[in-house]
>>> print(open('model15.txt').read())   # compact mmCIF, C-alpha atoms
# COMPACT_ATOMS: atom_id res chain seq x y z
CA MET A 1 21.49 26.83 -8.12
CA HIS A 2 18.02 25.33 -8.09
CA LYS A 3 15.87 26.22 -5.10
CA LYS A 4 14.10 23.55 -3.07
CA VAL A 5 10.33 23.59 -2.69
CA THR A 6 9.68 24.54 0.93
CA LYS A 7 6.50 26.65 0.67
CA ALA A 8 2.96 25.43 0.03
CA ILE A 9 -0.29 27.29 -0.56
CA PHE A 10 -3.55 25.80 0.70
CA PRO A 11 -6.61 27.47 -0.91
CA VAL A 12 -9.38 27.08 1.69
CA ALA A 13 -11.60 30.09 1.05
CA GLY A 14 -14.52 28.16 -0.46
CA LEU A 15 -17.95 28.23 1.16
CA GLY A 16 -18.47 24.46 1.04
CA THR A 17 -22.03 24.84 -0.21
CA ARG A 18 -22.26 21.16 -1.20
CA PHE A 19 -22.08 20.28 2.49
CA LEU A 20 -24.73 22.65 3.82
CA PRO A 21 -26.09 22.88 6.44
CA ALA A 22 -22.95 21.50 8.18
CA THR A 23 -20.76 24.19 6.63
CA LYS A 24 -23.03 26.96 7.87
CA SER A 25 -20.84 27.11 10.97
CA VAL A 26 -18.07 24.53 10.38
CA PRO A 27 -15.43 25.12 7.69
CA LYS A 28 -15.46 22.17 5.31
CA GLU A 29 -11.71 21.73 5.72
CA ILE A 30 -12.07 20.70 9.37
CA MET A 31 -14.78 18.13 8.72
CA THR A 32 -13.30 14.80 9.73
CA LEU A 33 -12.37 11.60 7.93
CA VAL A 34 -12.54 9.14 10.83
CA ASP A 35 -10.87 11.35 13.46
CA ARG A 36 -8.70 13.76 11.47
CA PRO A 37 -9.84 16.91 9.66
CA LEU A 38 -9.40 17.08 5.89
CA VAL A 39 -6.82 19.82 6.33
CA GLN A 40 -4.71 17.65 8.63
CA TYR A 41 -4.25 15.07 5.87
CA ALA A 42 -3.03 17.90 3.61
CA ILE A 43 -0.66 19.27 6.26
CA ASP A 44 0.80 15.84 7.02
CA GLU A 45 1.39 15.21 3.31
CA ALA A 46 3.13 18.55 2.95
CA ARG A 47 5.35 17.97 5.98
CA GLU A 48 6.45 14.57 4.69
CA ALA A 49 7.37 16.23 1.39
CA GLY A 50 9.69 18.69 3.14
CA ILE A 51 7.40 21.72 3.27
CA THR A 52 8.27 24.06 6.14
CA GLU A 53 6.15 27.15 5.37
CA PHE A 54 2.37 26.79 5.15
CA ILE A 55 0.26 29.53 3.56
CA PHE A 56 -3.52 29.38 3.88
CA VAL A 57 -5.78 31.47 1.66
CA THR A 58 -8.93 31.83 3.75
CA SER A 59 -12.11 33.89 3.79
CA ARG A 60 -14.67 35.21 6.23
CA GLY A 61 -16.01 32.56 8.62
CA LYS A 62 -12.86 30.41 8.69
CA GLY A 63 -11.86 31.26 12.28
CA ALA A 64 -12.31 27.67 13.46
CA LEU A 65 -9.84 26.52 10.81
CA GLU A 66 -7.25 29.01 12.04
CA ASP A 67 -7.85 28.05 15.67
CA TYR A 68 -7.36 24.37 14.86
CA PHE A 69 -3.60 24.81 14.48
CA ASP A 70 -3.13 26.68 17.77
CA HIS A 71 -1.65 25.01 20.84
CA ALA A 72 -4.19 23.86 23.44
CA PRO A 73 -2.31 24.07 26.78
CA GLN A 74 -5.29 23.26 28.99
CA LEU A 75 -6.22 20.18 26.97
CA GLU A 76 -2.60 19.03 26.82
CA GLU A 77 -2.24 19.38 30.59
CA GLU A 78 -5.47 17.43 31.13
CA LEU A 79 -4.23 14.55 28.96
CA ARG A 80 -0.81 14.63 30.64
CA ALA A 81 -2.36 14.52 34.13
CA LYS A 82 -4.49 11.51 33.18
CA GLY A 83 -1.56 9.65 31.66
CA LYS A 84 -3.08 9.65 28.19
CA ASP A 85 0.31 9.90 26.51
CA GLU A 86 -0.71 8.51 23.12
CA LEU A 87 -3.57 10.98 22.77
CA LEU A 88 -1.24 13.76 23.90
CA LYS A 89 1.23 12.81 21.18
CA VAL A 90 -1.54 12.86 18.55
CA LEU A 91 -2.75 16.26 19.77
CA GLN A 92 0.72 17.79 19.74
CA SER A 93 1.32 16.57 16.19
CA THR A 94 -1.41 18.96 15.02
CA ASN A 95 0.31 22.04 16.45
CA MET A 96 1.95 24.57 14.15
CA GLU A 97 4.81 26.63 15.54
CA SER A 98 4.76 30.42 15.41
CA GLY A 99 6.06 31.64 12.07
CA ASP A 100 5.45 28.37 10.22
CA ILE A 101 1.93 29.27 9.16
CA ALA A 102 0.39 32.34 7.56
CA TYR A 103 -3.16 33.31 6.63
CA ILE A 104 -4.14 35.47 3.66
CA ARG A 105 -7.72 36.62 3.08
CA GLN A 106 -9.43 36.23 -0.29
CA HIS A 107 -12.24 38.78 -0.10
CA LYS A 108 -13.98 37.83 -3.34
CA ALA A 109 -14.57 34.36 -4.80
CA LEU A 110 -12.83 34.99 -8.13
CA GLY A 111 -11.46 31.50 -8.70
CA LEU A 112 -8.55 29.24 -7.78
CA GLY A 113 -6.11 31.32 -9.79
CA HIS A 114 -7.06 34.43 -7.84
CA ALA A 115 -6.60 32.57 -4.54
CA ILE A 116 -3.06 31.60 -5.53
CA TRP A 117 -2.31 35.17 -6.65
CA CYS A 118 -3.43 36.46 -3.23
CA ALA A 119 -0.55 34.57 -1.61
CA GLY A 120 2.06 35.83 -4.08
CA ARG A 121 3.79 38.26 -1.72
CA LEU A 122 4.75 35.40 0.57
CA ILE A 123 6.21 33.33 -2.26
CA GLY A 124 8.77 35.75 -3.68
CA ASP A 125 11.02 34.22 -6.34
CA GLU A 126 10.85 30.61 -5.15
CA PRO A 127 9.09 27.57 -6.62
CA PHE A 128 6.12 26.56 -4.50
CA ALA A 129 3.56 23.81 -4.05
CA VAL A 130 -0.22 24.06 -4.07
CA ILE A 131 -2.37 21.52 -2.23
CA LEU A 132 -6.16 21.39 -2.48
CA PRO A 133 -7.37 19.74 0.76
CA ASP A 134 -10.53 18.49 -0.99
CA ASP A 135 -8.35 16.02 -2.87
CA VAL A 136 -7.29 13.42 -0.31
CA ILE A 137 -4.82 10.86 -1.66
CA ALA A 138 -4.08 7.54 0.03
CA ALA A 139 -0.56 6.49 -0.96
CA ASP A 140 2.38 4.62 0.54
CA THR A 141 4.60 7.57 -0.45
CA PRO A 142 2.65 10.84 -0.12
CA CYS A 143 1.66 12.30 -3.50
CA LEU A 144 3.49 15.60 -3.03
CA LYS A 145 6.65 13.74 -1.95
CA GLN A 146 6.47 11.70 -5.16
CA MET A 147 6.12 14.91 -7.14
CA ILE A 148 8.97 16.77 -5.44
CA ASP A 149 11.28 13.80 -5.92
CA ALA A 150 10.38 13.71 -9.64
CA TYR A 151 10.70 17.51 -9.88
CA GLU A 152 14.23 17.39 -8.47
CA GLU A 153 15.19 14.51 -10.75
CA ASN A 154 13.94 16.64 -13.65
CA GLY A 155 16.33 19.45 -12.69
CA SER A 156 13.90 21.45 -10.51
CA THR A 157 12.66 23.38 -13.53
CA GLY A 158 9.28 24.02 -15.08
CA ASN A 159 5.83 23.44 -13.63
CA MET A 160 4.38 20.11 -12.57
CA VAL A 161 0.76 19.06 -12.05
CA ALA A 162 -0.55 15.83 -10.58
CA ALA A 163 -2.56 13.89 -13.17
CA MET A 164 -4.89 10.92 -13.31
CA GLU A 165 -7.19 9.38 -15.90
CA VAL A 166 -10.90 10.09 -15.55
CA PRO A 167 -13.90 8.85 -17.54
CA ARG A 168 -14.52 10.90 -20.68
CA SER A 169 -17.94 11.81 -19.33
CA MET A 170 -16.25 13.68 -16.44
CA THR A 171 -13.76 15.83 -18.36
CA SER A 172 -16.02 18.87 -17.96
CA SER A 173 -15.18 18.85 -14.24
CA TYR A 174 -11.39 19.07 -14.61
CA GLY A 175 -8.47 20.75 -16.27
CA ILE A 176 -7.44 18.31 -19.02
CA LEU A 177 -3.94 17.77 -20.43
CA ASP A 178 -3.00 17.56 -24.09
CA VAL A 179 -0.03 15.17 -23.95
CA ASP A 180 3.06 15.57 -26.12
CA GLN A 181 5.45 12.90 -24.83
CA GLN A 182 5.28 10.34 -22.04
CA THR A 183 7.99 8.47 -20.15
CA ASP A 184 6.96 6.35 -17.17
CA ALA A 185 5.12 8.62 -14.71
CA MET A 186 6.06 11.90 -16.42
CA VAL A 187 4.30 13.43 -19.40
CA THR A 188 5.29 16.52 -21.36
CA VAL A 189 2.30 18.79 -21.86
CA LYS A 190 1.59 20.65 -25.11
CA GLY A 191 -1.79 22.03 -24.10
CA MET A 192 -4.24 22.42 -21.20
CA VAL A 193 -7.98 22.97 -21.38
CA GLU A 194 -10.16 23.93 -18.43
CA LYS A 195 -13.35 21.84 -18.09
CA PRO A 196 -13.85 20.85 -21.75
CA LYS A 197 -16.86 18.91 -22.98
CA ALA A 198 -16.13 15.22 -23.59
CA GLU A 199 -16.12 15.67 -27.36
CA ASP A 200 -13.66 18.58 -27.12
CA ALA A 201 -11.25 17.09 -24.56
CA PRO A 202 -7.73 16.39 -25.94
CA SER A 203 -7.40 13.39 -23.58
CA ASN A 204 -8.90 12.00 -20.39
CA LEU A 205 -5.80 12.86 -18.32
CA ALA A 206 -7.04 15.26 -15.65
CA VAL A 207 -5.25 17.65 -13.35
CA ILE A 208 -6.02 17.08 -9.67
CA GLY A 209 -5.19 19.13 -6.59
CA ARG A 210 -1.39 18.97 -6.35
CA TYR A 211 0.95 21.39 -8.13
CA ILE A 212 4.58 22.49 -8.14
CA LEU A 213 4.80 25.92 -9.75
CA THR A 214 7.35 28.57 -10.63
CA PRO A 215 6.97 32.24 -9.61
CA LYS A 216 6.20 33.06 -13.28
CA ILE A 217 2.71 31.67 -12.67
CA LEU A 218 2.07 34.53 -10.24
CA SER A 219 2.99 37.06 -12.93
CA ASN A 220 0.57 35.37 -15.32
CA LEU A 221 -2.21 35.54 -12.73
CA ALA A 222 -1.61 39.22 -12.06
CA SER A 223 -3.38 40.17 -15.30
CA GLY A 224 -6.68 39.06 -13.78
CA GLU A 225 -7.70 37.40 -17.04
CA LYS A 226 -10.90 35.42 -16.61
CA GLY A 227 -11.50 32.00 -18.12
CA ALA A 228 -14.04 29.18 -17.77
CA GLY A 229 -16.97 30.06 -15.53
CA GLY A 230 -15.96 33.72 -15.49
CA GLU A 231 -13.24 32.94 -12.93
CA ILE A 232 -9.47 33.47 -12.88
CA GLN A 233 -8.30 29.95 -13.67
CA LEU A 234 -4.99 28.55 -12.43
CA THR A 235 -5.01 26.17 -15.41
CA ASP A 236 -4.90 29.12 -17.83
CA ALA A 237 -1.92 30.66 -16.06
CA ILE A 238 -0.03 27.35 -16.13
CA ALA A 239 -0.87 26.80 -19.82
CA LYS A 240 0.93 30.04 -20.71
CA GLU A 241 4.18 28.41 -19.58
CA ILE A 242 4.00 25.45 -21.96
CA ASP A 243 6.22 27.27 -24.46
CA GLY A 244 8.14 29.02 -21.69
CA GLU A 245 9.41 27.26 -18.57
CA GLY A 246 7.55 24.08 -19.51
CA VAL A 247 4.71 22.06 -18.01
CA TYR A 248 4.78 18.41 -16.98
CA GLY A 249 2.09 16.04 -15.81
CA PHE A 250 2.92 13.50 -13.13
CA ARG A 251 0.96 10.24 -12.84
CA PHE A 252 1.13 9.62 -9.12
CA ASN A 253 0.79 6.29 -7.33
CA GLY A 254 -2.17 6.30 -4.96
CA GLN A 255 -5.95 6.48 -4.67
CA ARG A 256 -7.53 9.90 -4.88
CA PHE A 257 -10.81 10.75 -3.14
CA ASP A 258 -12.80 13.82 -4.14
CA CYS A 259 -13.82 14.96 -0.68
CA GLY A 260 -15.41 18.06 -2.14
CA SER A 261 -18.35 15.82 -3.02
CA LYS A 262 -20.58 13.95 -0.59
CA SER A 263 -20.06 10.58 -2.28
CA GLY A 264 -16.28 11.04 -2.38
CA PHE A 265 -16.23 12.07 1.27
CA LEU A 266 -18.21 8.97 2.27
CA GLN A 267 -15.98 6.71 0.17
CA ALA A 268 -12.89 8.17 1.81
CA THR A 269 -14.39 7.71 5.27
CA VAL A 270 -15.00 4.02 4.61
CA ALA A 271 -11.57 3.50 2.99
CA PHE A 272 -9.64 5.22 5.78
CA GLY A 273 -11.73 3.45 8.41
CA LEU A 274 -10.94 0.05 6.87
CA ALA A 275 -7.25 0.97 6.83
CA ARG A 276 -7.24 1.32 10.64
CA ASP A 277 -6.47 -1.91 12.52
CA GLU A 278 -8.61 -0.97 15.53
CA LEU A 279 -11.65 -0.19 13.35
CA ARG A 280 -11.44 -2.68 10.50
CA ASP A 281 -13.19 -5.72 12.01
CA ASP A 282 -16.21 -3.82 13.37
CA LEU A 283 -16.58 -1.77 10.19
CA GLU A 284 -16.31 -4.79 7.89
CA ALA A 285 -18.87 -6.67 9.98
CA TYR A 286 -21.26 -3.72 9.78
CA ILE A 287 -20.83 -3.34 6.00
CA ASP A 288 -21.45 -7.09 5.55
CA GLU A 289 -24.59 -6.83 7.69
CA VAL A 290 -25.92 -3.88 5.71
CA MET A 291 -25.26 -5.59 2.37
CA THR A 292 -26.87 -8.82 3.54
CA THR A 293 -29.96 -6.91 4.68
CA ARG A 294 -30.18 -5.06 1.36
CA ARG A 295 -29.87 -8.25 -0.69
CA ALA A 296 -32.58 -9.91 1.38
CA ALA A 297 -34.87 -6.90 0.88
CA GLN A 298 -34.40 -7.07 -2.87
>>> encode(input="model15.txt", output="structure tokens")
Amino acid sequence: MHKKVTKAIFPVAGLGTRFLPATKSVPKEIMTLVDRPLVQYAIDEAREAGITEFIFVTSRGKGALEDYFDHAPQLEEELRAKGKDELLKVLQSTNMESGDIAYIRQHKALGLGHAIWCAGRLIGDEPFAVILPDDVIAADTPCLKQMIDAYEENGSTGNMVAAMEVPRSMTSSYGILDVDQQTDAMVTVKGMVEKPKAEDAPSNLAVIGRYILTPKILSNLASGEKGAGGEIQLTDAIAKEIDGEGVYGFRFNGQRFDCGSKSGFLQATVAFGLARDELRDDLEAYIDEVMTTRRAAQ
């Protein structure tokens, strides 16, 4: 009997150096797009995909991230007393019940693969998802839900990575797939290369921050083998299963924003702001005003 995917790992141990000085005291994952932290978008996506157990791999200085998911009785009572029912509902939707969430510490920055390995004891022998909160995906059907549906249709076997095309000039920033066969959104993978130069890349189909993995990946990571950048790479551990349990790429429907970069974060802020009915008119008017001023200055 195939097991359902109900556990997800969220690697959030990074220092967020690209956002200094803000991240000196504020974990990057709780920086906000409009009025919701990055991590809330990841949690909401996971919930809609049927995830019920949430495992965070954190590091020193992430206390504010852990506190974010706690109940806030005093604030809830204040909103209730003032009749602010809609705000109360929004606040309560961020709560995580006792036992639903776990925190594992990654004491050394040894790479994404090492972060996933750190959470292995809580995974056991079940398939699991991995969500990188830096990758925010706007989609009618959440990306992970698309993937889990496709995974189940494929017999709930093998490993699946979310994939999208990137410019050749950017392949050195991603894990890149070497494609064997392709049918609709699914591709069969015959090779994976971590951050290849453009001239060495087998394609421009890149892995982005959504995965469905088998427990065998944890065994592969246990060797501590280092790859690109001297880090323990998750891509390398997945690649070892190409001739084993199998690896598939999934071309998801949606727009991905790289919120690990300043430009991507700003683009996401504008896009999510324009998607909100109560903000759209004022934001569009401001953008038009700015563009008009710039054109006049030129």
>>> residues_around(input="model15.txt", residues="Ser261 (chain A)", least_positions_apart="4", cutoff="12 Å", atoms="only C-alpha atoms", output="PyMOL selection string")
chain A and resi 16-20+28+134-136+257+265-268
>>> residues_around(input="model15.txt", residues="Ser203 (chain A)", least_positions_apart="2", cutoff="8 Å", atoms="all atoms listed in the file", output="list in words")
Ile176, Leu177, Asp178, Val179, Ala201 and Leu205 of chain A
>>> closest_residue(input="model15.txt", among="A:Ala206, A:Ala119, A:Ile43, A:Ala81", to="Ser93 (chain A)", atoms="all atoms listed in the file")
A:Ile43
>>> residues_around(input="model15.txt", residues="region 52-61 of chain A", least_positions_apart="2", cutoff="7 Å", atoms="only C-alpha atoms", output="list in words")
Thr6, Lys7, Ala8, Ile9, Phe10, Pro11, Val12, Ala13, Arg47, Gly50, Gly63, Asp100, Ile101, Ala102, Tyr103, Ile104, Arg105, Gln106, His107, Ala115 and Ala119 of chain A
>>> atom_distance(input="model15.txt", atom1="CA of Gln233 (chain A)", atom2="CA of Ala49 (chain A)")
25.7 Å
>>> closest_residue(input="model15.txt", among="A:Arg36, A:Lys145, A:Lys190, A:Lys197", to="Tyr68 (chain A)", atoms="all atoms listed in the file")
A:Arg36
>>> atom_distance(input="model15.txt", atom1="CA of Val166 (chain A)", atom2="CA of Ile208 (chain A)")
10.4 Å
>>> closest_residue(input="model15.txt", among="A:His114, A:Gly273, A:Met96, A:Leu144", to="Ser223 (chain A)", atoms="all atoms listed in the file")
A:His114
>>> atom_distance(input="model15.txt", atom1="CA of Ile232 (chain A)", atom2="CA of Leu112 (chain A)")
6.7 Å
>>> closest_residue(input="model15.txt", among="A:Gly191, A:Gly260, A:Gly229, A:Pro202", to="Tyr248 (chain A)", atoms="all atoms listed in the file")
A:Gly191
>>> residues_near_point(input="model15.txt", point="(-11.7, 31.5, -16.3)", cutoff="9 Å", atoms="all atoms listed in the file", output="PDB file with C-alpha atoms, in the coordinates of the input")
ATOM      1  CA  LEU A 110     -12.830  34.990  -8.130  1.00  0.00           C
ATOM      2  CA  GLY A 111     -11.460  31.500  -8.700  1.00  0.00           C
ATOM      3  CA  GLY A 113      -6.110  31.320  -9.790  1.00  0.00           C
ATOM      4  CA  GLU A 194     -10.160  23.930 -18.430  1.00  0.00           C
ATOM      5  CA  GLU A 225      -7.700  37.400 -17.040  1.00  0.00           C
ATOM      6  CA  LYS A 226     -10.900  35.420 -16.610  1.00  0.00           C
ATOM      7  CA  GLY A 227     -11.500  32.000 -18.120  1.00  0.00           C
ATOM      8  CA  ALA A 228     -14.040  29.180 -17.770  1.00  0.00           C
ATOM      9  CA  GLY A 229     -16.970  30.060 -15.530  1.00  0.00           C
ATOM     10  CA  GLY A 230     -15.960  33.720 -15.490  1.00  0.00           C
ATOM     11  CA  GLU A 231     -13.240  32.940 -12.930  1.00  0.00           C
ATOM     12  CA  ILE A 232      -9.470  33.470 -12.880  1.00  0.00           C
ATOM     13  CA  GLN A 233      -8.300  29.950 -13.670  1.00  0.00           C
ATOM     14  CA  LEU A 234      -4.990  28.550 -12.430  1.00  0.00           C
ATOM     15  CA  THR A 235      -5.010  26.170 -15.410  1.00  0.00           C
ATOM     16  CA  ASP A 236      -4.900  29.120 -17.830  1.00  0.00           C
TER      17      ASP A 236
END
>>> closest_residue(input="model15.txt", among="A:Gly175, A:Cys118, A:Leu87, A:Ala46", to="Gly224 (chain A)", atoms="only C-alpha atoms")
A:Cys118
>>> closest_residue(input="model15.txt", among="A:Gly209, A:Gly158, A:Ala150, A:Asp35", to="Asp243 (chain A)", atoms="all atoms listed in the file")
A:Gly158
>>> residues_around(input="model15.txt", residues="Leu218 (chain A)", least_positions_apart="2", cutoff="8 Å", atoms="only C-alpha atoms", output="list of chain:residue names")
A:Ile116, A:Trp117, A:Gly120, A:Thr214, A:Pro215, A:Lys216, A:Asn220, A:Leu221, A:Ala222
>>> residues_around(input="model15.txt", residues="Tyr211 (chain A)", least_positions_apart="2", cutoff="7 Å", atoms="all atoms listed in the file", output="list in words")
Ala129, Val130, Ile131, Met160, Val161, Ala162, Gly209 and Leu213 of chain A
>>> decode(input="model15.txt", residues="region 24-54 of chain A", atoms="N, CA and C atoms", output="PDB file, in the first residue's frame")
ATOM      1  N   LYS A  24      19.719  41.003  10.472  1.00  0.00           N
ATOM      2  CA  LYS A  24      20.552  40.980  11.672  1.00  0.00           C
ATOM      3  C   LYS A  24      19.725  40.551  12.875  1.00  0.00           C
ATOM      4  N   SER A  25      18.458  40.956  12.906  1.00  0.00           N
ATOM      5  CA  SER A  25      17.602  40.619  14.045  1.00  0.00           C
ATOM      6  C   SER A  25      16.278  39.984  13.636  1.00  0.00           C
ATOM      7  N   VAL A  26      15.943  40.013  12.335  1.00  0.00           N
ATOM      8  CA  VAL A  26      14.674  39.460  11.860  1.00  0.00           C
ATOM      9  C   VAL A  26      14.952  38.298  10.915  1.00  0.00           C
ATOM     10  N   PRO A  27      14.511  37.084  11.235  1.00  0.00           N
ATOM     11  CA  PRO A  27      14.699  35.969  10.297  1.00  0.00           C
ATOM     12  C   PRO A  27      14.077  36.297   8.948  1.00  0.00           C
ATOM     13  N   LYS A  28      14.801  36.009   7.893  1.00  0.00           N
ATOM     14  CA  LYS A  28      14.310  36.334   6.543  1.00  0.00           C
ATOM     15  C   LYS A  28      12.925  35.751   6.287  1.00  0.00           C
ATOM     16  N   GLU A  29      12.671  34.571   6.845  1.00  0.00           N
ATOM     17  CA  GLU A  29      11.425  33.862   6.558  1.00  0.00           C
ATOM     18  C   GLU A  29      10.188  34.558   7.111  1.00  0.00           C
ATOM     19  N   ILE A  30      10.358  35.509   8.036  1.00  0.00           N
ATOM     20  CA  ILE A  30       9.181  36.231   8.516  1.00  0.00           C
ATOM     21  C   ILE A  30       9.141  37.673   7.992  1.00  0.00           C
ATOM     22  N   MET A  31      10.009  37.978   7.029  1.00  0.00           N
ATOM     23  CA  MET A  31       9.840  39.229   6.284  1.00  0.00           C
ATOM     24  C   MET A  31       8.565  39.110   5.457  1.00  0.00           C
ATOM     25  N   THR A  32       7.844  40.206   5.295  1.00  0.00           N
ATOM     26  CA  THR A  32       6.494  40.114   4.750  1.00  0.00           C
ATOM     27  C   THR A  32       6.385  40.502   3.284  1.00  0.00           C
ATOM     28  N   LEU A  33       5.562  39.722   2.563  1.00  0.00           N
ATOM     29  CA  LEU A  33       5.043  40.116   1.257  1.00  0.00           C
ATOM     30  C   LEU A  33       3.660  40.675   1.516  1.00  0.00           C
ATOM     31  N   VAL A  34       3.493  41.948   1.353  1.00  0.00           N
ATOM     32  CA  VAL A  34       2.272  42.688   1.694  1.00  0.00           C
ATOM     33  C   VAL A  34       2.068  42.590   3.207  1.00  0.00           C
ATOM     34  N   ASP A  35       1.286  41.626   3.692  1.00  0.00           N
ATOM     35  CA  ASP A  35       1.055  41.537   5.133  1.00  0.00           C
ATOM     36  C   ASP A  35       1.202  40.116   5.671  1.00  0.00           C
ATOM     37  N   ARG A  36       1.829  39.238   4.898  1.00  0.00           N
ATOM     38  CA  ARG A  36       2.039  37.862   5.328  1.00  0.00           C
ATOM     39  C   ARG A  36       3.514  37.503   5.207  1.00  0.00           C
ATOM     40  N   PRO A  37       4.082  36.868   6.227  1.00  0.00           N
ATOM     41  CA  PRO A  37       5.478  36.447   6.149  1.00  0.00           C
ATOM     42  C   PRO A  37       5.688  35.417   5.046  1.00  0.00           C
ATOM     43  N   LEU A  38       6.907  35.368   4.530  1.00  0.00           N
ATOM     44  CA  LEU A  38       7.241  34.367   3.513  1.00  0.00           C
ATOM     45  C   LEU A  38       6.844  32.969   3.968  1.00  0.00           C
ATOM     46  N   VAL A  39       7.138  32.650   5.224  1.00  0.00           N
ATOM     47  CA  VAL A  39       6.880  31.298   5.707  1.00  0.00           C
ATOM     48  C   VAL A  39       5.390  30.983   5.747  1.00  0.00           C
ATOM     49  N   GLN A  40       4.546  31.987   5.884  1.00  0.00           N
ATOM     50  CA  GLN A  40       3.107  31.730   5.910  1.00  0.00           C
ATOM     51  C   GLN A  40       2.606  31.274   4.551  1.00  0.00           C
ATOM     52  N   TYR A  41       3.169  31.836   3.483  1.00  0.00           N
ATOM     53  CA  TYR A  41       2.805  31.374   2.139  1.00  0.00           C
ATOM     54  C   TYR A  41       3.171  29.901   1.981  1.00  0.00           C
ATOM     55  N   ALA A  42       4.328  29.500   2.514  1.00  0.00           N
ATOM     56  CA  ALA A  42       4.767  28.104   2.419  1.00  0.00           C
ATOM     57  C   ALA A  42       3.857  27.190   3.232  1.00  0.00           C
ATOM     58  N   ILE A  43       3.506  27.624   4.440  1.00  0.00           N
ATOM     59  CA  ILE A  43       2.628  26.823   5.299  1.00  0.00           C
ATOM     60  C   ILE A  43       1.256  26.654   4.661  1.00  0.00           C
ATOM     61  N   ASP A  44       0.699  27.734   4.133  1.00  0.00           N
ATOM     62  CA  ASP A  44      -0.626  27.665   3.512  1.00  0.00           C
ATOM     63  C   ASP A  44      -0.616  26.713   2.316  1.00  0.00           C
ATOM     64  N   GLU A  45       0.460  26.775   1.523  1.00  0.00           N
ATOM     65  CA  GLU A  45       0.566  25.873   0.374  1.00  0.00           C
ATOM     66  C   GLU A  45       0.618  24.424   0.832  1.00  0.00           C
ATOM     67  N   ALA A  46       1.382  24.166   1.887  1.00  0.00           N
ATOM     68  CA  ALA A  46       1.497  22.809   2.400  1.00  0.00           C
ATOM     69  C   ALA A  46       0.156  22.307   2.931  1.00  0.00           C
ATOM     70  N   ARG A  47      -0.540  23.134   3.668  1.00  0.00           N
ATOM     71  CA  ARG A  47      -1.835  22.731   4.219  1.00  0.00           C
ATOM     72  C   ARG A  47      -2.808  22.361   3.107  1.00  0.00           C
ATOM     73  N   GLU A  48      -2.845  23.177   2.057  1.00  0.00           N
ATOM     74  CA  GLU A  48      -3.778  22.919   0.961  1.00  0.00           C
ATOM     75  C   GLU A  48      -3.406  21.658   0.193  1.00  0.00           C
ATOM     76  N   ALA A  49      -2.166  21.207   0.344  1.00  0.00           N
ATOM     77  CA  ALA A  49      -1.731  19.977  -0.316  1.00  0.00           C
ATOM     78  C   ALA A  49      -1.953  18.749   0.556  1.00  0.00           C
ATOM     79  N   GLY A  50      -2.490  18.953   1.764  1.00  0.00           N
ATOM     80  CA  GLY A  50      -2.772  17.825   2.647  1.00  0.00           C
ATOM     81  C   GLY A  50      -1.696  17.520   3.664  1.00  0.00           C
ATOM     82  N   ILE A  51      -0.715  18.399   3.812  1.00  0.00           N
ATOM     83  CA  ILE A  51       0.342  18.199   4.804  1.00  0.00           C
ATOM     84  C   ILE A  51      -0.225  18.463   6.200  1.00  0.00           C
ATOM     85  N   THR A  52       0.085  17.567   7.135  1.00  0.00           N
ATOM     86  CA  THR A  52      -0.406  17.705   8.506  1.00  0.00           C
ATOM     87  C   THR A  52       0.721  17.782   9.539  1.00  0.00           C
ATOM     88  N   GLU A  53       1.947  17.443   9.131  1.00  0.00           N
ATOM     89  CA  GLU A  53       3.093  17.520  10.041  1.00  0.00           C
ATOM     90  C   GLU A  53       4.161  18.410   9.408  1.00  0.00           C
ATOM     91  N   PHE A  54       4.574  19.436  10.154  1.00  0.00           N
ATOM     92  CA  PHE A  54       5.445  20.481   9.631  1.00  0.00           C
ATOM     93  C   PHE A  54       6.763  20.469  10.407  1.00  0.00           C
TER      94      PHE A  54
END
